[in-house]
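Coordinates as given in query.txt (compact mmCIF, C-alpha atoms):
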# COMPACT_ATOMS: atom_id res chain seq x y z
CA MET A 891 -28.15 62.73 210.86
CA PRO A 892 -30.62 63.81 213.61
CA ASN A 893 -34.06 64.89 212.32
CA SER A 894 -32.97 64.43 208.72
CA MET A 895 -36.05 63.57 206.66
CA LEU A 896 -34.28 63.38 203.28
CA ASN A 897 -30.73 62.84 202.08
CA VAL A 898 -29.87 63.07 198.38
CA GLU A 899 -26.30 61.80 198.01
CA ASN A 900 -24.05 62.06 194.94
CA ILE A 901 -26.91 61.60 192.48
CA TYR A 902 -26.24 61.10 188.77
CA LEU A 903 -28.85 60.66 186.04
CA ARG A 904 -28.40 60.09 182.32
CA PHE A 905 -30.81 59.76 179.41
CA GLY A 906 -28.75 57.97 176.78
CA LYS A 907 -25.51 59.92 176.47
CA LYS A 908 -26.98 63.12 177.92
CA ILE A 909 -26.14 63.89 181.55
CA ILE A 910 -29.29 65.18 183.28
CA LEU A 911 -27.98 65.36 186.86
CA GLU A 912 -24.40 65.35 188.07
CA ASN A 913 -23.21 65.01 191.66
CA VAL A 914 -26.40 66.36 193.26
CA ASN A 915 -26.23 66.50 197.07
CA PHE A 916 -28.63 68.07 199.58
CA ASP A 917 -30.72 67.21 202.62
CA ALA A 918 -33.93 68.31 204.34
CA PHE A 919 -34.75 68.41 208.04
CA LYS A 920 -38.01 67.96 209.88
CA GLY A 921 -40.34 70.91 209.24
CA GLU A 922 -38.09 72.41 206.55
CA ILE A 923 -39.26 73.64 203.14
CA ILE A 924 -36.63 73.17 200.44
CA CYS A 925 -37.11 74.83 197.04
CA LEU A 926 -35.41 73.38 193.98
CA LEU A 927 -34.99 76.52 191.88
CA GLY A 928 -33.62 77.10 188.41
CA PRO A 929 -34.44 77.71 184.75
CA SER A 930 -36.27 75.19 182.58
CA GLY A 931 -34.16 72.13 181.86
CA CYS A 932 -31.84 72.56 184.85
CA GLY A 933 -32.81 69.19 186.40
CA LYS A 934 -35.10 70.22 189.24
CA THR A 935 -38.11 68.14 188.13
CA SER A 936 -35.84 65.18 187.37
CA THR A 937 -34.55 65.44 190.95
CA LEU A 938 -38.13 65.46 192.30
CA ARG A 939 -39.00 62.38 190.22
CA LEU A 940 -36.02 60.53 191.67
CA ILE A 941 -37.10 61.41 195.22
CA ALA A 942 -40.63 60.22 194.37
CA GLY A 943 -39.35 56.91 193.02
CA LEU A 944 -40.68 57.52 189.51
CA ASP A 945 -37.15 57.16 188.07
CA ALA A 946 -33.99 55.39 189.22
CA PRO A 947 -30.59 57.10 189.52
CA ASP A 948 -27.52 56.09 187.54
CA GLY A 949 -25.33 56.87 190.54
CA GLY A 950 -25.64 57.78 194.21
CA ARG A 951 -28.48 57.07 196.61
CA ILE A 952 -31.51 58.65 198.26
CA LEU A 953 -32.64 58.18 201.87
CA ILE A 954 -36.03 59.11 203.30
CA GLY A 955 -35.60 59.16 207.05
CA ASP A 956 -33.09 56.40 207.76
CA LYS A 957 -34.35 54.17 204.94
CA VAL A 958 -32.45 53.84 201.65
CA VAL A 959 -35.14 54.15 198.96
CA SER A 960 -33.08 54.62 195.76
CA THR A 961 -29.78 53.24 194.55
CA THR A 962 -28.59 52.12 191.13
CA THR A 963 -29.81 48.57 191.92
CA LYS A 964 -32.85 49.13 194.15
CA THR A 965 -35.81 51.52 193.95
CA THR A 966 -38.60 51.46 196.50
CA PRO A 967 -41.96 52.01 194.71
CA PRO A 968 -43.58 55.43 195.17
CA HIS A 969 -46.50 54.08 197.24
CA ASN A 970 -44.08 52.57 199.77
CA ARG A 971 -41.99 55.72 200.33
CA GLY A 972 -44.30 57.61 202.65
CA VAL A 973 -44.39 60.67 200.42
CA GLY A 974 -47.29 62.89 199.35
CA PHE A 975 -47.56 64.52 195.93
CA LEU A 976 -48.96 67.87 194.85
CA PHE A 977 -48.83 68.08 191.08
CA GLN A 978 -48.70 71.15 188.83
CA ASP A 979 -52.22 70.51 187.49
CA PHE A 980 -53.50 69.26 190.91
CA ALA A 981 -54.55 65.90 189.27
CA LEU A 982 -57.84 65.66 191.15
CA PHE A 983 -60.12 62.80 190.12
CA PRO A 984 -63.00 64.45 188.23
CA HIS A 985 -65.50 61.69 189.08
CA LEU A 986 -64.87 61.92 192.84
CA THR A 987 -66.19 64.54 195.26
CA VAL A 988 -63.93 66.75 197.37
CA GLU A 989 -64.15 64.40 200.38
CA GLU A 990 -63.62 61.33 198.18
CA ASN A 991 -60.53 62.91 196.59
CA ILE A 992 -59.04 63.72 200.00
CA GLY A 993 -59.76 60.23 201.33
CA TYR A 994 -58.48 58.41 198.25
CA GLY A 995 -55.18 57.37 199.84
CA LEU A 996 -56.71 56.29 203.15
CA ASN A 997 -57.97 52.86 202.06
CA ARG A 998 -55.77 51.14 204.64
CA LEU A 999 -57.62 52.82 207.50
CA LYS A 1000 -60.92 51.73 208.99
CA ARG A 1001 -63.80 53.70 207.46
CA ARG A 1002 -64.46 55.57 210.70
CA ASP A 1003 -60.82 56.62 211.06
CA ALA A 1004 -60.63 57.62 207.39
CA ASN A 1005 -63.77 59.75 207.72
CA LEU A 1006 -62.35 61.47 210.79
CA ARG A 1007 -59.12 62.27 208.94
CA VAL A 1008 -61.03 63.66 205.94
CA SER A 1009 -63.20 65.78 208.23
CA GLU A 1010 -60.10 67.11 209.99
CA LEU A 1011 -58.47 68.11 206.71
CA LEU A 1012 -61.64 69.70 205.36
CA THR A 1013 -61.73 71.88 208.47
CA GLN A 1014 -58.05 72.81 208.08
CA ILE A 1015 -58.54 73.98 204.48
CA GLN A 1016 -61.93 75.60 205.28
CA MET A 1017 -63.73 73.46 202.71
CA SER A 1018 -66.22 71.52 204.86
CA LYS A 1019 -69.22 73.09 203.13
CA HIS A 1020 -67.82 72.02 199.74
CA SER A 1021 -67.25 68.37 200.68
CA LYS A 1022 -69.89 67.01 198.26
CA LYS A 1023 -68.81 69.12 195.29
CA TYR A 1024 -66.86 67.81 192.29
CA PRO A 1025 -63.57 69.39 191.12
CA HIS A 1026 -65.14 71.19 188.13
CA MET A 1027 -67.40 73.06 190.58
CA LEU A 1028 -64.41 74.58 192.42
CA SER A 1029 -62.22 77.59 191.72
CA GLY A 1030 -58.52 77.11 190.97
CA GLY A 1031 -57.60 78.11 194.52
CA GLU A 1032 -60.11 75.66 196.01
CA GLN A 1033 -58.80 72.86 193.81
CA GLN A 1034 -55.28 73.59 195.03
CA ARG A 1035 -56.38 73.37 198.67
CA VAL A 1036 -58.07 70.01 198.03
CA ALA A 1037 -54.97 68.69 196.24
CA LEU A 1038 -52.77 69.72 199.19
CA ALA A 1039 -55.17 68.09 201.67
CA ARG A 1040 -55.14 64.87 199.63
CA ALA A 1041 -51.33 64.88 199.58
CA ARG A 1042 -51.22 65.33 203.38
CA ALA A 1043 -54.01 62.88 204.19
CA PRO A 1044 -51.92 59.70 204.78
CA TRP A 1045 -49.51 61.55 207.14
CA PRO A 1046 -46.55 61.43 204.72
CA SER A 1047 -43.07 61.99 206.09
CA LEU A 1048 -42.28 64.12 203.04
CA LEU A 1049 -44.35 66.29 200.69
CA LEU A 1050 -43.30 66.79 197.07
CA LEU A 1051 -44.70 69.88 195.32
CA ASP A 1052 -44.16 70.31 191.57
CA GLU A 1053 -44.74 73.96 190.50
CA PRO A 1054 -47.88 73.98 192.70
CA PHE A 1055 -48.91 77.59 192.01
CA SER A 1056 -48.05 77.99 188.32
CA GLY A 1057 -51.62 77.42 187.11
CA LEU A 1058 -53.07 80.24 189.22
CA ASP A 1059 -53.43 83.89 188.25
CA THR A 1060 -51.07 86.41 189.86
CA ALA A 1061 -53.32 87.71 192.66
CA LEU A 1062 -54.62 84.26 193.61
CA ARG A 1063 -51.14 82.74 193.42
CA LYS A 1064 -49.85 84.98 196.21
CA GLN A 1065 -52.86 84.29 198.43
CA ILE A 1066 -52.74 80.50 197.97
CA ARG A 1067 -48.97 80.52 198.40
CA GLU A 1068 -49.32 82.22 201.78
CA GLU A 1069 -52.09 79.83 202.83
CA THR A 1070 -49.99 76.82 201.80
CA LEU A 1071 -46.94 78.10 203.67
CA GLU A 1072 -49.01 78.72 206.81
CA MET A 1073 -50.48 75.21 206.66
CA LEU A 1074 -47.14 73.49 206.08
CA LYS A 1075 -45.46 75.41 208.90
CA SER A 1076 -48.33 75.00 211.36
CA ARG A 1077 -48.21 71.20 210.88
CA ASP A 1078 -44.38 71.03 210.85
CA ASP A 1079 -44.47 69.35 207.43
CA THR A 1080 -41.28 68.69 205.49
CA ALA A 1081 -41.59 69.65 201.83
CA ILE A 1082 -39.53 69.70 198.64
CA MET A 1083 -40.92 72.20 196.14
CA VAL A 1084 -39.94 72.73 192.51
CA THR A 1085 -40.23 76.25 191.06
CA HIS A 1086 -38.64 78.38 188.36
CA ASP A 1087 -39.80 81.60 190.07
CA PRO A 1088 -37.17 83.26 192.32
CA GLU A 1089 -39.78 85.38 194.12
CA GLU A 1090 -41.78 82.25 194.95
CA ALA A 1091 -38.70 80.46 196.25
CA MET A 1092 -37.73 83.47 198.37
CA ALA A 1093 -41.24 83.59 199.87
CA MET A 1094 -41.59 79.85 200.56
CA ALA A 1095 -38.20 78.33 201.25
CA ASP A 1096 -36.18 77.82 204.40
CA ARG A 1097 -33.36 76.88 202.04
CA ILE A 1098 -33.00 77.16 198.28
CA VAL A 1099 -31.17 74.63 196.11
CA LEU A 1100 -30.23 76.68 193.04
CA MET A 1101 -29.59 74.50 189.98
CA ARG A 1102 -28.18 74.97 186.51
CA ASP A 1103 -27.42 72.41 183.78
CA GLY A 1104 -27.97 69.44 186.10
CA ARG A 1105 -25.69 70.71 188.85
CA ILE A 1106 -26.21 72.55 192.11
CA VAL A 1107 -24.86 76.10 191.91
CA GLN A 1108 -25.51 77.12 195.53
CA ILE A 1109 -27.48 76.03 198.59
CA GLY A 1110 -28.53 78.48 201.28
CA SER A 1111 -31.29 80.49 202.87
CA PRO A 1112 -33.07 82.99 200.61
CA LYS A 1113 -31.27 85.83 202.41
CA ASP A 1114 -27.89 84.14 202.07
CA ILE A 1115 -28.17 83.44 198.34
CA TYR A 1116 -29.59 86.89 197.57
CA HIS A 1117 -26.98 88.82 199.57
CA ARG A 1118 -24.01 86.45 199.14
CA PRO A 1119 -24.15 84.86 195.67
CA LYS A 1120 -21.20 82.63 194.84
CA THR A 1121 -21.38 82.95 191.03
CA THR A 1122 -22.58 85.48 188.47
CA PHE A 1123 -25.43 83.08 187.60
CA ALA A 1124 -26.66 83.19 191.20
CA ALA A 1125 -26.32 86.97 191.30
CA LYS A 1126 -28.30 87.47 188.07
CA PHE A 1127 -31.03 84.91 188.73
CA PHE A 1128 -32.82 86.92 191.43
CA GLY A 1129 -34.02 89.89 189.40
CA ASP A 1130 -32.52 93.01 187.85
CA ILE A 1131 -28.88 93.65 188.57
CA ASN A 1132 -26.27 96.04 187.18
CA GLN A 1133 -23.28 94.38 185.52
CA ILE A 1134 -20.15 96.49 185.00
CA ASN A 1135 -16.70 95.67 183.67
CA GLY A 1136 -13.84 96.60 185.96
CA LYS A 1137 -10.06 96.47 186.20
CA ILE A 1138 -7.84 96.45 189.27
CA GLU A 1139 -5.66 99.56 189.65
CA LYS A 1140 -3.64 100.15 192.82
CA GLY A 1141 -5.79 97.78 194.85
CA LYS A 1142 -9.07 99.35 193.73
CA VAL A 1143 -11.69 98.36 191.14
CA LYS A 1144 -11.80 100.97 188.37
CA THR A 1145 -15.00 101.22 186.30
CA ASP A 1146 -16.56 103.70 183.88
CA PHE A 1147 -18.19 105.28 186.93
CA GLY A 1148 -14.99 105.64 188.90
CA TYR A 1149 -13.43 103.53 191.62
CA ILE A 1150 -15.98 101.16 193.13
CA SER A 1151 -14.26 99.17 195.87
CA ASP A 1152 -10.97 98.09 197.40
CA LEU A 1153 -9.75 94.66 196.35
CA ASN A 1154 -6.46 93.02 197.21
CA ILE A 1155 -5.61 91.25 193.95
CA SER A 1156 -3.09 91.82 191.16
CA ASN A 1157 -3.10 95.10 189.26
CA GLY A 1158 -4.46 94.78 185.73
CA SER A 1159 -6.80 91.90 186.59
CA GLU A 1160 -10.17 92.20 184.85
CA VAL A 1161 -13.29 91.63 186.95
CA GLU A 1162 -17.07 91.79 186.70
CA VAL A 1163 -18.92 94.02 189.15
CA PHE A 1164 -22.58 93.38 190.03
CA ILE A 1165 -24.73 95.88 191.94
CA ARG A 1166 -28.43 95.45 192.73
CA PRO A 1167 -30.64 98.48 191.92
CA ASP A 1168 -31.79 98.71 195.55
CA ALA A 1169 -28.15 99.17 196.65
CA ILE A 1170 -27.88 102.47 194.78
CA ASN A 1171 -29.08 105.52 196.70
CA ILE A 1172 -29.71 108.93 195.19
CA VAL A 1173 -28.84 111.22 198.08
CA GLU A 1174 -28.24 114.78 199.24
CA THR A 1175 -24.68 114.62 200.53
CA LYS A 1176 -21.41 116.53 200.27
CA ASP A 1177 -19.48 113.29 199.90
CA PRO A 1178 -21.10 111.14 197.20
CA HIS A 1179 -19.41 108.11 195.65
CA PHE A 1180 -20.38 109.42 192.19
CA SER A 1181 -22.26 112.20 190.47
CA LEU A 1182 -24.35 110.82 187.61
CA TYR A 1183 -26.97 112.06 185.18
CA VAL A 1184 -30.61 110.95 185.13
CA TYR A 1185 -30.99 109.34 181.71
CA SER A 1186 -34.56 108.05 182.10
CA LEU A 1187 -37.27 107.52 184.73
CA ARG A 1188 -40.12 105.06 184.99
CA ASP A 1189 -42.71 105.23 187.77
CA THR A 1190 -43.80 101.77 188.98
CA GLY A 1191 -46.02 102.95 191.84
CA SER A 1192 -44.10 102.42 195.05
CA THR A 1193 -40.73 103.19 193.42
CA SER A 1194 -39.23 104.92 190.43
CA VAL A 1195 -36.86 102.96 188.23
CA VAL A 1196 -34.10 105.41 187.35
CA LYS A 1197 -31.46 104.83 184.70
CA LEU A 1198 -28.32 106.78 185.57
CA SER A 1199 -25.54 107.57 183.13
CA ALA A 1200 -21.89 108.50 183.29
CA GLY A 1201 -20.48 111.08 180.90
CA ASP A 1202 -22.71 113.01 178.49
CA TRP A 1203 -26.23 112.01 179.60
CA LYS A 1204 -27.62 112.36 176.06
CA ASN A 1205 -25.05 109.91 174.75
CA PRO A 1206 -24.09 107.75 177.74
CA HIS A 1207 -21.40 105.14 177.57
CA SER A 1208 -22.57 103.33 180.71
CA HIS A 1209 -25.73 103.04 182.80
CA LEU A 1210 -26.70 102.10 186.31
CA LEU A 1211 -30.26 101.08 187.15
CA ALA A 1212 -31.48 102.36 190.55
CA HIS A 1213 -34.70 102.11 192.56
CA TYR A 1214 -35.64 105.54 193.90
CA ARG A 1215 -38.14 106.02 196.75
CA GLY A 1216 -37.28 109.59 197.69
CA SER A 1217 -39.71 112.51 197.86
CA LYS A 1218 -37.69 114.83 195.63
CA GLU A 1219 -38.92 114.86 192.04
CA LEU A 1220 -36.14 113.92 189.65
CA GLN A 1221 -35.75 115.48 186.24
CA LYS A 1222 -34.37 113.86 183.13
CA GLY A 1223 -30.87 115.19 182.49
CA ALA A 1224 -30.34 116.32 186.09
CA LEU A 1225 -27.00 115.67 187.79
CA VAL A 1226 -27.56 113.69 191.02
CA LYS A 1227 -25.35 112.41 193.80
CA VAL A 1228 -25.13 108.66 194.27
CA GLN A 1229 -23.97 106.41 197.09
CA ILE A 1230 -23.70 102.63 196.86
CA LYS A 1231 -23.99 100.21 199.77
CA LYS A 1232 -20.63 98.46 199.66
CA GLU A 1233 -21.99 95.28 201.24
CA LYS A 1234 -24.26 94.89 198.19
CA ILE A 1235 -21.46 95.07 195.64
CA PHE A 1236 -20.43 91.66 194.25
CA ILE A 1237 -17.10 91.36 192.44
CA PHE A 1238 -16.36 88.25 190.41
CA SER A 1239 -13.52 86.88 188.37
CA LYS A 1240 -13.95 87.51 184.65
CA GLU A 1241 -14.98 83.86 184.20
CA GLY A 1242 -17.89 84.49 186.60
CA ASN A 1243 -17.35 81.39 188.73
CA LYS A 1244 -15.50 82.90 191.68
CA ILE A 1245 -16.50 85.76 193.96
CA LEU A 1246 -13.59 87.96 195.00
CA ASN A 1247 -14.98 90.16 197.77
This structure in structure tokens:
Amino acid sequence: MPNSMLNVENIYLRFGKKIILENVNFDAFKGEIICLLGPSGCGKTSTLRLIAGLDAPDGGRILIGDKVVSTTTKTTPPHNRGVGFLFQDFALFPHLTVEENIGYGLNRLKRRDANLRVSELLTQIQMSKHSKKYPHMLSGGEQQRVALARARAPWPSLLLLDEPFSGLDTALRKQIREETLEMLKSRDDTAIMVTHDPEEAMAMADRIVLMRDGRIVQIGSPKDIYHRPKTTFAAKFFGDINQINGKIEKGKVKTDFGYISDLNISNGSEVEVFIRPDAINIVETKDPHFSLYVYSLRDTGSTSVVKLSAGDWKNPHSHLLAHYRGSKELQKGALVKVQIKKEKIFIFSKEGNKILN
């Protein structure tokens, strides 16, 4: 495949009788950042270890470029794969300086060439003045920059990043994440990153490989997976979402709030309706979809999180969570008009494994 830097084909992995990975397939192109995303234990780190050559698959094969590096009978050692590693804890050598850490993997180069490469990378990460310092003298963000420079030093064809920002505090994490993304994109690096954080994957990835229980649930761009989830798991994984039971009546989905959407399936069929809070608008209109009561409000700064109820607001039988950014001050117990963006309504079969709209 042209410009394909990685192909993971029909991968299986077992530990004893337990299946860790089952029929895992994805690829990565030159300059692309792929995020392996999912909850703990879903198989994302196991997949990264297979790509790195730290484990061997029980089925399938892995290609880096046009070279087969992993099969059930042959595994190319990690140091011969042309990959760079950025570990969760950075794994810097404490007894080596910043410049020595960065140059650690350049022993095959002449000293002059290695020094030039280290100097180039120090300039890129804006750490030239810290070149003689040891890791314990650096902040967490500075250590992360050095670890990334070390991973990139030997010109790897593929970078592997294992939860690279999880050890940083919230404010620093966002800053270093943006710096890392800018560096990877400016150098046209190809990277596979493991994360359990949907926001991080949305910010970093060109494509997300969403995993659950050792299988791939969905592959797509952040926008595609967020706006067009294929399963209820995918819909729920990316933050708060309203989940409502529904039943088909006369080609429409009937819920506790009223009729939500048209759907051409059999009458009486039970479905699950998912609506993101940002799809629900509290509006001034003569033609609302619903009129609902304000059950509770919570100000989060830029938005208000509003819980809306159907029926008696003091004893509601159903809620909808909405994000409100309007200027009108809402009052608890007030009756408000609501419109829902139909393109942000997801209707699934009751089993949750098939989207119907």
| Of the candidates A:Leu944, A:Val1226, A:Met1083, A:Leu1012, which shows the shortest atom-to-atom distance to Glu989 of chain A, using all atoms listed in the file? |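 Among A:Leu944, A:Val1226, A:Met1083, A:Leu1012, it is A:Leu1012 that comes nearest to Glu989 of chain A.
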Spatial neighbours of Leu1100 of chain A, 10 Å, all atoms listed in the file, chain gap at least 3 places, as a compact mmCIF listing (two decimals) with C-alpha atoms, in the coordinates of the input:
# COMPACT_ATOMS: atom_id res chain seq x y z
CA CYS A 925 -37.11 74.83 197.04
CA LEU A 926 -35.41 73.38 193.98
CA LEU A 927 -34.99 76.52 191.88
CA GLY A 928 -33.62 77.10 188.41
CA PRO A 929 -34.44 77.71 184.75
CA CYS A 932 -31.84 72.56 184.85
CA LYS A 934 -35.10 70.22 189.24
CA HIS A 1086 -38.64 78.38 188.36
CA PRO A 1088 -37.17 83.26 192.32
CA ALA A 1091 -38.70 80.46 196.25
CA ARG A 1097 -33.36 76.88 202.04
CA ARG A 1105 -25.69 70.71 188.85
CA ILE A 1106 -26.21 72.55 192.11
CA VAL A 1107 -24.86 76.10 191.91
CA GLN A 1108 -25.51 77.12 195.53
CA ILE A 1109 -27.48 76.03 198.59
CA GLY A 1110 -28.53 78.48 201.28
CA ILE A 1115 -28.17 83.44 198.34
CA PHE A 1123 -25.43 83.08 187.60
CA ALA A 1124 -26.66 83.19 191.20
CA PHE A 1127 -31.03 84.91 188.73
| said: For a test of reading the model, state the distance in Å between atom CA of Leu1220 of chain A and atom CA of Gly1148 of chain A, rounded to one decimal. | reply: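 Between these atoms lies a distance of 22.7 Å.
Between atom CA of Val1084 of chain A and atom CA of Phe1164 of chain A the interatomic distance comes to 27.1 Å.
Remark: for Pro1025 of chain A, the closest of the candidate residues A:Pro984, A:Gly995, A:Gly1129, A:Pro1119 is A:Pro984 (distances computed over all atoms listed in the file).
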Restore all heavy atoms in segment 1207-1216 of chain A and list the result as a PDB file, keeping the file's coordinate frame.
ATOM      1  N   HIS A1207     -22.173 106.338 177.899  1.00  0.00           N
ATOM      2  CA  HIS A1207     -21.400 105.140 177.570  1.00  0.00           C
ATOM      3  C   HIS A1207     -21.593 104.039 178.603  1.00  0.00           C
ATOM      4  O   HIS A1207     -21.123 102.925 178.398  1.00  0.00           O
ATOM      5  CB  HIS A1207     -19.916 105.476 177.400  1.00  0.00           C
ATOM      6  CG  HIS A1207     -19.309 106.206 178.562  1.00  0.00           C
ATOM      7  ND1 HIS A1207     -18.866 105.575 179.676  1.00  0.00           N
ATOM      8  CD2 HIS A1207     -19.077 107.534 178.759  1.00  0.00           C
ATOM      9  CE1 HIS A1207     -18.375 106.468 180.529  1.00  0.00           C
ATOM     10  NE2 HIS A1207     -18.488 107.670 180.001  1.00  0.00           N
ATOM     11  N   SER A1208     -22.254 104.348 179.700  1.00  0.00           N
ATOM     12  CA  SER A1208     -22.570 103.330 180.710  1.00  0.00           C
ATOM     13  C   SER A1208     -23.810 103.752 181.479  1.00  0.00           C
ATOM     14  O   SER A1208     -24.084 104.943 181.615  1.00  0.00           O
ATOM     15  CB  SER A1208     -21.409 103.153 181.694  1.00  0.00           C
ATOM     16  OG  SER A1208     -20.302 102.566 181.065  1.00  0.00           O
ATOM     17  N   HIS A1209     -24.558 102.766 181.972  1.00  0.00           N
ATOM     18  CA  HIS A1209     -25.730 103.040 182.800  1.00  0.00           C
ATOM     19  C   HIS A1209     -25.637 102.306 184.123  1.00  0.00           C
ATOM     20  O   HIS A1209     -25.010 101.266 184.225  1.00  0.00           O
ATOM     21  CB  HIS A1209     -27.041 102.528 182.181  1.00  0.00           C
ATOM     22  CG  HIS A1209     -27.315 102.938 180.809  1.00  0.00           C
ATOM     23  ND1 HIS A1209     -27.121 102.134 179.731  1.00  0.00           N
ATOM     24  CD2 HIS A1209     -27.820 104.101 180.340  1.00  0.00           C
ATOM     25  CE1 HIS A1209     -27.503 102.762 178.649  1.00  0.00           C
ATOM     26  NE2 HIS A1209     -27.928 103.963 178.985  1.00  0.00           N
ATOM     27  N   LEU A1210     -26.383 102.819 185.083  1.00  0.00           N
ATOM     28  CA  LEU A1210     -26.700 102.100 186.310  1.00  0.00           C
ATOM     29  C   LEU A1210     -28.215 102.209 186.527  1.00  0.00           C
ATOM     30  O   LEU A1210     -28.782 103.297 186.406  1.00  0.00           O
ATOM     31  CB  LEU A1210     -25.980 102.691 187.527  1.00  0.00           C
ATOM     32  CG  LEU A1210     -24.517 102.336 187.752  1.00  0.00           C
ATOM     33  CD1 LEU A1210     -23.994 103.054 189.003  1.00  0.00           C
ATOM     34  CD2 LEU A1210     -24.340 100.837 187.911  1.00  0.00           C
ATOM     35  N   LEU A1211     -28.835 101.099 186.842  1.00  0.00           N
ATOM     36  CA  LEU A1211     -30.260 101.080 187.150  1.00  0.00           C
ATOM     37  C   LEU A1211     -30.424 101.200 188.668  1.00  0.00           C
ATOM     38  O   LEU A1211     -29.796 100.469 189.426  1.00  0.00           O
ATOM     39  CB  LEU A1211     -30.880  99.776 186.655  1.00  0.00           C
ATOM     40  CG  LEU A1211     -32.378  99.785 186.337  1.00  0.00           C
ATOM     41  CD1 LEU A1211     -32.655 100.755 185.185  1.00  0.00           C
ATOM     42  CD2 LEU A1211     -32.827  98.381 185.963  1.00  0.00           C
ATOM     43  N   ALA A1212     -31.268 102.151 189.116  1.00  0.00           N
ATOM     44  CA  ALA A1212     -31.480 102.360 190.550  1.00  0.00           C
ATOM     45  C   ALA A1212     -32.975 102.393 190.851  1.00  0.00           C
ATOM     46  O   ALA A1212     -33.792 102.768 189.999  1.00  0.00           O
ATOM     47  CB  ALA A1212     -30.840 103.675 191.000  1.00  0.00           C
ATOM     48  N   HIS A1213     -33.335 101.987 192.065  1.00  0.00           N
ATOM     49  CA  HIS A1213     -34.700 102.110 192.560  1.00  0.00           C
ATOM     50  C   HIS A1213     -34.763 103.302 193.502  1.00  0.00           C
ATOM     51  O   HIS A1213     -34.080 103.324 194.525  1.00  0.00           O
ATOM     52  CB  HIS A1213     -35.125 100.827 193.289  1.00  0.00           C
ATOM     53  CG  HIS A1213     -35.268  99.648 192.385  1.00  0.00           C
ATOM     54  ND1 HIS A1213     -35.344  98.350 192.835  1.00  0.00           N
ATOM     55  CD2 HIS A1213     -35.347  99.565 191.030  1.00  0.00           C
ATOM     56  CE1 HIS A1213     -35.466  97.520 191.806  1.00  0.00           C
ATOM     57  NE2 HIS A1213     -35.460  98.241 190.707  1.00  0.00           N
ATOM     58  N   TYR A1214     -35.585 104.286 193.147  1.00  0.00           N
ATOM     59  CA  TYR A1214     -35.640 105.540 193.900  1.00  0.00           C
ATOM     60  C   TYR A1214     -36.978 105.654 194.618  1.00  0.00           C
ATOM     61  O   TYR A1214     -38.042 105.545 194.007  1.00  0.00           O
ATOM     62  CB  TYR A1214     -35.439 106.714 192.947  1.00  0.00           C
ATOM     63  CG  TYR A1214     -35.532 108.072 193.608  1.00  0.00           C
ATOM     64  CD1 TYR A1214     -34.593 108.464 194.553  1.00  0.00           C
ATOM     65  CD2 TYR A1214     -36.554 108.961 193.281  1.00  0.00           C
ATOM     66  CE1 TYR A1214     -34.668 109.714 195.160  1.00  0.00           C
ATOM     67  CE2 TYR A1214     -36.637 110.209 193.879  1.00  0.00           C
ATOM     68  CZ  TYR A1214     -35.686 110.575 194.828  1.00  0.00           C
ATOM     69  OH  TYR A1214     -35.767 111.808 195.424  1.00  0.00           O
ATOM     70  N   ARG A1215     -36.924 105.869 195.944  1.00  0.00           N
ATOM     71  CA  ARG A1215     -38.140 106.020 196.750  1.00  0.00           C
ATOM     72  C   ARG A1215     -38.196 107.387 197.441  1.00  0.00           C
ATOM     73  O   ARG A1215     -38.997 107.592 198.339  1.00  0.00           O
ATOM     74  CB  ARG A1215     -38.210 104.904 197.797  1.00  0.00           C
ATOM     75  CG  ARG A1215     -38.376 103.520 197.206  1.00  0.00           C
ATOM     76  CD  ARG A1215     -38.444 102.445 198.285  1.00  0.00           C
ATOM     77  NE  ARG A1215     -38.743 101.142 197.746  1.00  0.00           N
ATOM     78  CZ  ARG A1215     -37.842 100.310 197.254  1.00  0.00           C
ATOM     79  NH1 ARG A1215     -36.562 100.675 197.237  1.00  0.00           N
ATOM     80  NH2 ARG A1215     -38.205  99.138 196.782  1.00  0.00           N
ATOM     81  N   GLY A1216     -37.350 108.278 197.043  1.00  0.00           N
ATOM     82  CA  GLY A1216     -37.280 109.590 197.690  1.00  0.00           C
ATOM     83  C   GLY A1216     -38.460 110.483 197.326  1.00  0.00           C
ATOM     84  O   GLY A1216     -39.201 110.225 196.379  1.00  0.00           O
TER      85      GLY A1216
END
